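Student: The following file, entry_1.txt, comprises compact mmCIF, C-alpha atoms:
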```
# COMPACT_ATOMS: atom_id res chain seq x y z
CA MET A 1 33.74 193.24 -67.36
CA LYS A 2 34.88 190.99 -64.60
CA HIS A 3 32.09 188.64 -63.59
CA THR A 4 31.96 186.11 -60.82
CA LYS A 5 29.69 183.82 -58.92
CA THR A 6 31.61 184.34 -55.70
CA PRO A 7 33.47 187.45 -54.57
CA LYS A 8 36.64 185.40 -54.12
CA SER A 9 36.84 184.27 -57.74
CA MET A 10 36.80 187.29 -60.02
CA THR A 11 37.03 186.27 -63.70
CA PRO A 12 37.67 188.81 -66.50
CA LEU A 13 35.00 188.92 -69.20
CA PHE A 14 33.98 191.94 -71.26
CA LEU A 15 34.57 195.69 -71.87
CA ALA A 16 32.28 198.68 -71.96
CA ALA A 17 32.22 202.31 -73.00
CA GLY A 18 33.31 204.71 -70.30
CA LEU A 19 33.75 208.37 -69.46
CA THR A 20 35.87 210.59 -67.29
CA ALA A 21 34.38 213.48 -65.43
CA LEU A 22 34.18 217.18 -66.12
CA GLY A 23 35.82 218.40 -62.97
CA SER A 24 33.12 220.95 -62.25
CA THR A 25 32.78 222.18 -58.69
CA THR A 26 29.00 222.44 -58.46
CA ALA A 27 26.42 219.69 -58.80
CA PHE A 28 24.13 219.55 -61.82
CA ALA A 29 20.61 220.87 -61.28
CA ALA A 30 18.74 218.32 -59.21
CA GLY A 31 15.38 219.28 -60.67
CA ASN A 32 16.41 218.05 -64.10
CA GLY A 33 17.43 214.58 -62.94
CA TYR A 34 20.62 213.37 -64.57
CA ILE A 35 19.84 214.87 -68.00
CA ASP A 36 22.33 217.75 -67.92
CA LEU A 37 25.05 215.58 -66.41
CA VAL A 38 24.63 212.86 -69.04
CA GLU A 39 24.60 215.36 -71.90
CA GLN A 40 27.82 216.91 -70.65
CA VAL A 41 29.84 213.73 -70.21
CA SER A 42 28.48 211.45 -72.95
CA PRO A 43 30.64 212.80 -75.81
CA ALA A 44 33.75 211.54 -73.97
CA VAL A 45 32.37 208.00 -73.68
CA VAL A 46 33.97 205.45 -76.00
CA TYR A 47 33.23 201.88 -76.99
CA VAL A 48 36.30 199.60 -77.04
CA LYS A 49 36.50 196.71 -79.52
CA VAL A 50 39.39 194.25 -79.21
CA THR A 51 40.61 191.51 -81.52
CA GLY A 52 43.12 189.02 -80.13
CA LYS A 53 45.09 186.10 -81.51
CA ALA A 54 43.12 183.43 -83.32
CA GLU A 55 42.28 180.37 -81.27
CA GLN A 56 41.91 176.84 -82.58
CA VAL A 57 38.32 175.71 -82.03
CA ASN A 58 36.14 172.77 -82.97
CA ALA A 59 33.45 173.09 -85.60
CA ASP A 60 30.86 173.93 -82.97
CA GLY A 61 32.98 176.86 -81.76
CA SER A 62 34.19 175.20 -78.56
CA PRO A 63 37.90 175.66 -77.77
CA PHE A 64 40.31 172.86 -78.61
CA ASN A 65 43.42 172.80 -76.49
CA ASP A 66 44.20 169.19 -75.52
CA PRO A 67 47.20 167.72 -77.41
CA ARG A 68 46.68 164.36 -75.67
CA PHE A 69 43.42 163.87 -77.55
CA GLU A 70 45.15 164.63 -80.86
CA GLU A 71 47.85 162.04 -80.10
CA PHE A 72 45.17 159.48 -79.15
CA MET A 73 43.35 159.98 -82.47
CA LYS A 74 46.55 159.63 -84.49
CA ARG A 75 47.56 156.44 -82.67
CA PHE A 76 44.35 154.72 -83.67
CA GLY A 77 44.32 156.09 -87.21
CA GLN A 78 41.37 158.37 -86.62
CA GLN A 79 40.87 161.83 -88.07
CA MET A 80 40.60 164.85 -85.82
CA PRO A 81 37.22 166.60 -85.67
CA GLU A 82 36.83 169.49 -88.10
CA GLN A 83 38.56 172.55 -86.71
CA ARG A 84 38.93 176.21 -87.56
CA ARG A 85 40.76 179.22 -86.17
CA THR A 86 38.66 182.07 -84.82
CA PRO A 87 40.06 185.43 -83.66
CA ARG A 88 39.29 186.24 -80.04
CA GLN A 89 37.01 189.25 -79.81
CA ALA A 90 35.96 191.34 -76.82
CA VAL A 91 34.20 194.62 -76.17
CA GLY A 92 34.23 197.12 -73.33
CA SER A 93 34.21 200.77 -72.37
CA GLY A 94 36.65 203.59 -71.87
CA PHE A 95 36.79 207.36 -71.40
CA ILE A 96 38.89 210.17 -72.85
CA ILE A 97 41.02 212.10 -70.35
CA SER A 98 42.97 214.41 -72.69
CA ASP A 99 42.03 216.31 -75.84
CA ASP A 100 44.84 214.56 -77.74
CA GLY A 101 43.17 211.18 -77.33
CA MET A 102 44.40 209.48 -74.14
CA ILE A 103 41.83 206.89 -73.03
CA VAL A 104 41.46 204.92 -69.78
CA THR A 105 39.99 201.42 -69.74
CA ASN A 106 40.53 198.10 -67.94
CA HIS A 107 43.57 195.89 -68.34
CA HIS A 108 41.41 192.80 -68.78
CA VAL A 109 39.63 194.52 -71.67
CA VAL A 110 42.78 194.83 -73.80
CA GLU A 111 44.83 191.93 -72.45
CA GLY A 112 46.23 189.89 -75.34
CA ALA A 113 44.90 192.35 -77.93
CA GLU A 114 46.32 192.45 -81.44
CA THR A 115 44.11 195.33 -82.52
CA VAL A 116 42.07 197.82 -80.51
CA THR A 117 39.37 199.97 -82.12
CA ILE A 118 37.71 202.92 -80.41
CA LYS A 119 34.18 203.90 -81.41
CA MET A 120 33.21 207.42 -80.42
CA ALA A 121 29.78 208.61 -79.33
CA ASP A 122 29.29 210.12 -82.80
CA GLY A 123 29.96 206.75 -84.47
CA LYS A 124 33.46 207.54 -85.76
CA GLU A 125 36.08 204.83 -85.27
CA HIS A 126 39.81 205.13 -84.55
CA ASP A 127 42.63 202.63 -84.23
CA ALA A 128 44.12 202.72 -80.73
CA LYS A 129 47.60 202.00 -79.39
CA ILE A 130 48.12 200.51 -75.95
CA ILE A 131 50.43 202.88 -74.05
CA GLY A 132 50.63 200.62 -71.02
CA SER A 133 48.63 198.27 -68.84
CA ASP A 134 48.71 197.21 -65.19
CA PRO A 135 47.15 193.84 -64.29
CA LEU A 136 47.41 194.42 -60.51
CA THR A 137 45.03 197.39 -60.59
CA ASP A 138 43.28 196.34 -63.84
CA ILE A 139 43.93 199.73 -65.47
CA ALA A 140 45.13 200.33 -69.04
CA LEU A 141 45.95 203.49 -70.98
CA LEU A 142 45.26 203.82 -74.72
CA ASP A 143 45.99 206.50 -77.30
CA ILE A 144 44.28 207.50 -80.54
CA GLU A 145 45.58 209.98 -83.10
CA GLY A 146 44.03 213.41 -83.44
CA ASP A 147 43.17 216.26 -81.14
CA ALA A 148 40.32 218.41 -79.84
CA TYR A 149 38.52 215.37 -78.42
CA PRO A 150 35.88 215.85 -75.70
CA THR A 151 37.28 214.98 -72.28
CA VAL A 152 36.27 214.29 -68.73
CA SER A 153 38.26 214.64 -65.48
CA PHE A 154 38.89 212.68 -62.32
CA GLY A 155 37.41 213.62 -58.97
CA SER A 156 38.32 212.42 -55.48
CA SER A 157 37.15 208.94 -54.56
CA ASP A 158 38.33 209.54 -51.01
CA ALA A 159 35.69 212.26 -50.64
CA LEU A 160 32.89 209.83 -51.57
CA ARG A 161 30.43 208.96 -48.83
CA VAL A 162 28.41 205.79 -48.47
CA GLY A 163 24.88 206.56 -49.68
CA GLU A 164 26.03 209.21 -52.17
CA GLU A 165 24.37 209.12 -55.60
CA VAL A 166 26.48 208.00 -58.57
CA ILE A 167 25.90 207.11 -62.22
CA ALA A 168 27.66 204.60 -64.47
CA VAL A 169 28.06 205.12 -68.21
CA GLY A 170 29.18 202.41 -70.60
CA SER A 171 28.24 199.74 -73.12
CA PRO A 172 26.63 196.81 -71.29
CA PHE A 173 26.25 193.86 -73.67
CA GLY A 174 27.60 196.12 -76.44
CA LEU A 175 24.78 198.65 -76.07
CA GLY A 176 26.84 201.84 -76.26
CA GLY A 177 26.02 204.97 -74.32
CA SER A 178 23.94 203.31 -71.60
CA VAL A 179 23.43 205.15 -68.30
CA THR A 180 22.47 203.67 -64.93
CA ALA A 181 22.11 205.32 -61.53
CA GLY A 182 22.50 204.22 -57.94
CA ILE A 183 24.37 204.96 -54.75
CA VAL A 184 27.71 204.13 -53.18
CA SER A 185 26.89 200.95 -51.27
CA ALA A 186 30.27 200.60 -49.55
CA LYS A 187 33.89 201.66 -49.76
CA SER A 188 37.22 199.86 -49.38
CA ARG A 189 35.81 196.50 -50.45
CA ASN A 190 38.32 193.63 -50.60
CA ILE A 191 37.16 191.00 -53.11
CA ASN A 192 40.44 189.06 -53.04
CA SER A 193 41.35 189.83 -56.63
CA GLY A 194 44.77 191.33 -55.85
CA PRO A 195 46.97 193.30 -53.44
CA PHE A 196 45.33 196.62 -54.32
CA ASP A 197 41.74 195.68 -53.54
CA ASP A 198 40.07 198.86 -52.30
CA PHE A 199 36.93 198.87 -54.41
CA ILE A 200 33.94 201.17 -54.39
CA GLN A 201 30.78 199.05 -54.25
CA THR A 202 27.72 200.43 -56.02
CA ASP A 203 24.20 199.30 -56.85
CA ALA A 204 24.19 201.28 -60.12
CA ALA A 205 23.57 198.53 -62.69
CA ILE A 206 26.89 197.29 -64.10
CA ASN A 207 26.91 194.41 -66.57
CA ARG A 208 29.22 192.65 -69.01
CA GLY A 209 30.56 195.30 -71.33
CA ASN A 210 30.67 198.05 -68.69
CA SER A 211 34.31 197.22 -67.93
CA GLY A 212 36.54 200.25 -68.18
CA GLY A 213 33.65 202.68 -68.04
CA PRO A 214 33.40 205.50 -65.50
CA LEU A 215 31.48 205.90 -62.29
CA PHE A 216 30.47 209.56 -61.82
CA ASN A 217 29.45 211.63 -58.85
CA LEU A 218 26.77 214.28 -59.30
CA GLU A 219 29.41 216.95 -59.97
CA GLY A 220 30.32 215.11 -63.16
CA ASP A 221 33.66 213.85 -61.85
CA VAL A 222 34.89 210.33 -62.48
CA VAL A 223 35.28 208.76 -59.06
CA GLY A 224 35.81 205.16 -60.19
CA VAL A 225 36.46 202.83 -63.10
CA ASN A 226 33.90 200.02 -63.31
CA THR A 227 35.75 196.71 -63.18
CA ALA A 228 33.88 193.79 -61.63
CA ILE A 229 30.46 192.49 -60.70
CA TYR A 230 29.11 189.86 -58.36
CA SER A 231 26.39 187.86 -60.08
CA PRO A 232 25.10 184.28 -59.97
CA ASP A 233 23.60 184.50 -63.47
CA GLY A 234 25.78 186.91 -65.47
CA GLY A 235 23.53 189.95 -65.07
CA SER A 236 23.47 192.81 -62.61
CA VAL A 237 22.08 191.97 -59.18
CA GLY A 238 23.00 195.34 -57.73
CA ILE A 239 26.57 194.57 -56.65
CA GLY A 240 29.26 196.17 -58.79
CA PHE A 241 32.83 197.22 -58.04
CA SER A 242 34.86 200.18 -59.26
CA VAL A 243 38.56 201.00 -58.93
CA PRO A 244 38.79 204.26 -56.91
CA SER A 245 39.82 207.30 -58.93
CA ASP A 246 42.54 208.26 -56.44
CA LEU A 247 44.35 205.03 -57.28
CA VAL A 248 43.61 205.28 -61.01
CA THR A 249 45.12 208.76 -61.34
CA ASP A 250 48.44 207.54 -59.91
CA ILE A 251 48.51 204.52 -62.24
CA VAL A 252 47.59 206.62 -65.30
CA ALA A 253 50.31 209.17 -64.53
CA ASP A 254 52.88 206.37 -64.25
CA LEU A 255 51.75 204.77 -67.51
CA GLN A 256 51.85 208.12 -69.31
CA ASP A 257 55.47 208.53 -68.26
CA ASP A 258 56.97 205.42 -69.89
CA GLY A 259 54.17 202.88 -70.33
CA GLU A 260 55.27 200.87 -67.30
CA ILE A 261 54.43 200.70 -63.60
CA GLU A 262 57.45 200.88 -61.33
CA ARG A 263 56.71 199.53 -57.88
CA SER A 264 58.83 199.53 -54.76
CA TRP A 265 60.00 196.65 -52.59
CA LEU A 266 60.59 196.49 -48.83
CA GLY A 267 61.63 192.86 -48.42
CA VAL A 268 59.56 191.40 -45.59
CA GLN A 269 57.20 188.47 -45.33
CA ILE A 270 54.26 189.44 -43.14
CA LYS A 271 51.29 187.82 -41.45
CA PRO A 272 48.30 189.06 -39.40
CA LEU A 273 49.06 189.76 -35.76
CA GLY A 274 46.26 187.49 -34.53
CA GLN A 275 44.29 187.67 -31.29
CA GLU A 276 46.54 185.38 -29.22
CA VAL A 277 49.81 187.11 -30.11
CA ALA A 278 48.20 190.52 -29.74
CA HIS A 279 46.98 189.57 -26.26
CA VAL A 280 50.46 188.45 -25.20
CA LEU A 281 51.95 191.71 -26.47
CA GLY A 282 49.22 193.79 -24.87
CA MET A 283 47.99 195.03 -28.24
CA ASN A 284 44.88 194.86 -30.42
CA ALA A 285 44.85 192.43 -33.36
CA ASP A 286 44.26 195.28 -35.82
CA GLU A 287 47.11 197.36 -34.41
CA GLY A 288 49.75 196.16 -36.87
CA VAL A 289 51.16 193.25 -38.88
CA MET A 290 53.93 190.88 -37.81
CA VAL A 291 57.18 190.37 -39.71
CA GLU A 292 57.49 186.63 -40.35
CA ALA A 293 60.81 186.87 -42.19
CA VAL A 294 63.22 189.48 -43.53
CA VAL A 295 64.65 188.91 -47.01
CA ALA A 296 68.42 188.96 -47.26
CA ASP A 297 70.00 191.96 -48.99
CA SER A 298 66.70 193.83 -48.92
CA PRO A 299 65.80 197.39 -47.88
CA ALA A 300 64.18 195.93 -44.76
CA GLU A 301 67.40 194.17 -43.73
CA ALA A 302 69.43 197.32 -44.39
CA ALA A 303 67.02 199.34 -42.24
CA GLY A 304 67.31 196.88 -39.33
CA LEU A 305 63.90 195.17 -39.36
CA GLN A 306 63.83 191.79 -37.63
CA THR A 307 61.64 188.71 -37.53
CA GLY A 308 58.96 189.18 -34.86
CA ASP A 309 58.72 192.95 -35.29
CA VAL A 310 55.18 194.32 -35.39
CA ILE A 311 54.89 197.07 -38.00
CA LEU A 312 52.53 199.76 -36.69
CA ARG A 313 52.94 202.59 -39.19
CA PHE A 314 54.52 202.97 -42.62
CA ALA A 315 55.15 206.35 -44.25
CA GLY A 316 52.98 207.99 -41.61
CA GLN A 317 49.99 205.70 -42.22
CA ASP A 318 48.53 203.24 -39.73
CA ILE A 319 48.97 199.59 -40.70
CA GLU A 320 45.95 197.50 -39.69
CA THR A 321 45.89 194.81 -42.40
CA LEU A 322 48.38 193.06 -44.68
CA ARG A 323 47.17 194.99 -47.71
CA ASP A 324 47.72 198.31 -45.93
CA LEU A 325 51.47 197.64 -45.95
CA THR A 326 51.53 195.97 -49.36
CA ARG A 327 49.69 198.87 -50.98
CA GLY A 328 51.66 201.47 -49.04
CA VAL A 329 55.00 200.11 -50.24
CA ALA A 330 53.94 199.43 -53.82
CA THR A 331 52.50 202.89 -54.41
CA MET A 332 55.74 204.65 -53.46
CA ALA A 333 58.51 205.29 -56.00
CA ALA A 334 61.64 203.17 -55.92
CA GLY A 335 64.38 205.01 -54.05
CA SER A 336 61.92 206.75 -51.76
CA GLU A 337 63.12 207.36 -48.22
CA THR A 338 60.53 206.92 -45.49
CA GLN A 339 60.06 205.63 -41.96
CA VAL A 340 58.69 202.46 -40.42
CA GLU A 341 57.32 202.55 -36.89
CA LEU A 342 57.36 199.18 -35.15
CA PHE A 343 56.93 197.42 -31.81
CA ARG A 344 59.84 195.30 -30.58
CA GLY A 345 60.68 193.99 -27.12
CA GLY A 346 58.08 196.11 -25.40
CA LYS A 347 59.28 199.31 -27.04
CA THR A 348 58.22 201.39 -30.03
CA LEU A 349 61.00 202.08 -32.53
CA THR A 350 61.19 204.20 -35.68
CA LEU A 351 63.53 203.08 -38.48
CA ASP A 352 64.56 204.89 -41.65
CA VAL A 353 64.22 202.83 -44.82
CA THR A 354 65.05 203.42 -48.47
CA LEU A 355 62.81 201.41 -50.79
CA ALA A 356 64.19 199.51 -53.80
CA LYS A 357 62.67 198.76 -57.17
CA ARG A 358 60.70 195.54 -57.22
CA GLY A 359 62.01 193.11 -59.82
CA GLU A 360 60.41 190.01 -61.32
CA GLU A 361 61.79 187.76 -58.58
CA GLU A 362 60.35 189.93 -55.81
CA ALA A 363 57.02 190.21 -57.65
```
Could I get this structure in the form of structure tokens?
Tutor:
Amino acid sequence: MKHTKTPKSMTPLFLAAGLTALGSTTAFAAGNGYIDLVEQVSPAVVYVKVTGKAEQVNADGSPFNDPRFEEFMKRFGQQMPEQRRTPRQAVGSGFIISDDGMIVTNHHVVEGAETVTIKMADGKEHDAKIIGSDPLTDIALLDIEGDAYPTVSFGSSDALRVGEEVIAVGSPFGLGGSVTAGIVSAKSRNINSGPFDDFIQTDAAINRGNSGGPLFNLEGDVVGVNTAIYSPDGGSVGIGFSVPSDLVTDIVADLQDDGEIERSWLGVQIKPLGQEVAHVLGMNADEGVMVEAVVADSPAEAAGLQTGDVILRFAGQDIETLRDLTRGVATMAAGSETQVELFRGGKTLTLDVTLAKRGEEEA
């Protein structure tokens, strides 16, 4: 689970067991609480155990990673403190999305893993293979052998409304199969953890170990993947964040294809429009983003974009913030042809652009 003391410094910690949703179209009986819903989705919840490379630690278990201290001890003929190597271990959650064993969890749960073990709700364990992982959205896709597994399905996060009831299922602190309930506190939260920040905020209790677990609506659909919490003391204080299911489904589909995420590149450096510039141009500050520079030999240069242009719309979507454009470009396939609407010299122009594949240098 990602855990932080301030929303601007999200630090990955633990995993948790998670579920996907059933995809039913009617809500579970309200008079029975969440009992029927939990019974339906729980078999698809899994507990993720990860073992990473062994780390050199001191005898008390603290990490040892300063070669300067080792050189200092040798120079004065002193022996190094007793050391040992301990494998890194982590736990989290995940949920099964196909009957042949495809499992969704968080990237930070399996990052650096040498072995991944999945523990089912019935106690059976399976070795898992990492199909692919995306650090920018913190989503990973795993696979276990076998078939006829219980599954859950994704619902629409876009259809969620603030105040709507949701439940989280996972393994907080390693306690598998735990269920908590709450509401959607906010949508489209930006916690400055990456270019795709668009989190669902919920007050359903999410703790260390819930990472990778599902957030359900009352129809039993997975509407988010629990990823981060805001907490001054390491426990839930009623502020948790989930990756929206509409984004997760796109990432999972891409990972299923070849295990990699292919993102597009436009080739512009952008900055907020700002109140002063917007006033001079007769615009609102949230009406677009300004092109600060155009990269040579880029799709933007080929399309005719220029420094000082104000991008208003991209691929038919309004651009109000920097992340609107960043996310809009990155979520389209390389080679896609689309249009950019911009303001230049007192006029509104529409340019055709063909996006390129983003390489390591552009990233």
Student: Need to verify the contact set: A:Val116, 9 Å, all atoms listed in the file, exclusion of same-chain residues closer than 6 positions in sequence. Can you return it as a PDB file with C-alpha atoms, keeping the file's coordinate frame?
Tutor:
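Generated output (selection_33.pdb):
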```
ATOM      1  CA  VAL A  48      36.300 199.600 -77.040  1.00  0.00           C
ATOM      2  CA  LYS A  49      36.500 196.710 -79.520  1.00  0.00           C
ATOM      3  CA  VAL A  50      39.390 194.250 -79.210  1.00  0.00           C
ATOM      4  CA  THR A  51      40.610 191.510 -81.520  1.00  0.00           C
ATOM      5  CA  GLY A  52      43.120 189.020 -80.130  1.00  0.00           C
ATOM      6  CA  VAL A 110      42.780 194.830 -73.800  1.00  0.00           C
ATOM      7  CA  HIS A 126      39.810 205.130 -84.550  1.00  0.00           C
ATOM      8  CA  ASP A 127      42.630 202.630 -84.230  1.00  0.00           C
ATOM      9  CA  ALA A 128      44.120 202.720 -80.730  1.00  0.00           C
ATOM     10  CA  LYS A 129      47.600 202.000 -79.390  1.00  0.00           C
ATOM     11  CA  ILE A 130      48.120 200.510 -75.950  1.00  0.00           C
ATOM     12  CA  LEU A 142      45.260 203.820 -74.720  1.00  0.00           C
TER      13      LEU A 142
END
```
Student: With distances taken over all atoms listed in the file, which of A:Ile131, A:Leu218, A:Ala90, A:Leu247 is nearest to A:Ser188?
Tutor: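 Between A:Ile131, A:Leu218, A:Ala90, A:Leu247, the residue approaching A:Ser188 most closely is A:Leu247.
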Student: So that I can check the surroundings of A:Phe314, please list as a list in words every protein, DNA and RNA residue that reaches within 8 Å of it, counting only C-alpha atoms and ignoring chain neighbours fewer than 3 positions away.
Tutor: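 Those residues are Ile311, Gln317, Asp318, Ile319, Leu325, Gly328, Thr338, Gln339, Val340 and Glu341 of chain A.
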Student: Given the choices A:Val46, A:Ile167, A:Val280, A:Val38, which gets closest to A:Gly345 if the distance is worked out from all atoms listed in the file?
Tutor: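 Closest candidate: A:Val280.
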Student: One number please: atom CA of A:Thr354 to atom CA of A:Ala315, in Å, one decimal.
Tutor: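 Computed distance, atom CA of A:Thr354 to atom CA of A:Ala315, equals 11.2 Å.
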Student: What's the separation between atom CA of A:Leu312 and atom CA of A:Val289, in Å to one decimal place?
Tutor: 7.0 Å
Student: Between A:Gly92, A:His108, A:Arg358, A:Leu349, which is the closest to A:Met332 once you count only C-alpha atoms?
Tutor: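 Looking at the shortest contact to A:Met332, the residue is A:Arg358.
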Student: At a cut-off of 10 Å from (26.7, 207.2, -72.3) in the coordinates of the file, what residues are picked up using all atoms listed in the file, written as JSON, numbers by chain?
Tutor: {"A": [17, 18, 19, 38, 39, 40, 41, 42, 43, 44, 45, 46, 47, 93, 121, 168, 169, 170, 171, 175, 176, 177, 178, 179, 180, 213, 214]}
Student: Would you mind reading off the distance between atom CA of A:Leu355 and atom CA of A:Ser133, one decimal, in Å?
Tutor: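 Separation between atom CA of A:Leu355 and atom CA of A:Ser133: 23.2 Å.
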Student: What's the 9 Å shell around stretch 262-265 of chain A, counting all atoms listed in the file, without same-chain residues fewer than 3 positions away, as a list of chain:residue names?
Tutor: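 Residues near the query, excluding close chain neighbours: A:Asp254, A:Val268, A:Ser298, A:Pro299, A:Ala300, A:Val329, A:Ala330, A:Thr331, A:Met332, A:Ala333, A:Ala334, A:Gly335, A:Ser336, A:Leu355, A:Ala356, A:Lys357, A:Arg358, A:Gly359, A:Glu362, A:Ala363.
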Student: Which one of A:Ala186, A:Ile270, A:Ala140, A:Leu160 sits closest to A:Arg323 if you count only C-alpha atoms?
Tutor: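 The answer is A:Ile270, which sits nearest to A:Arg323.
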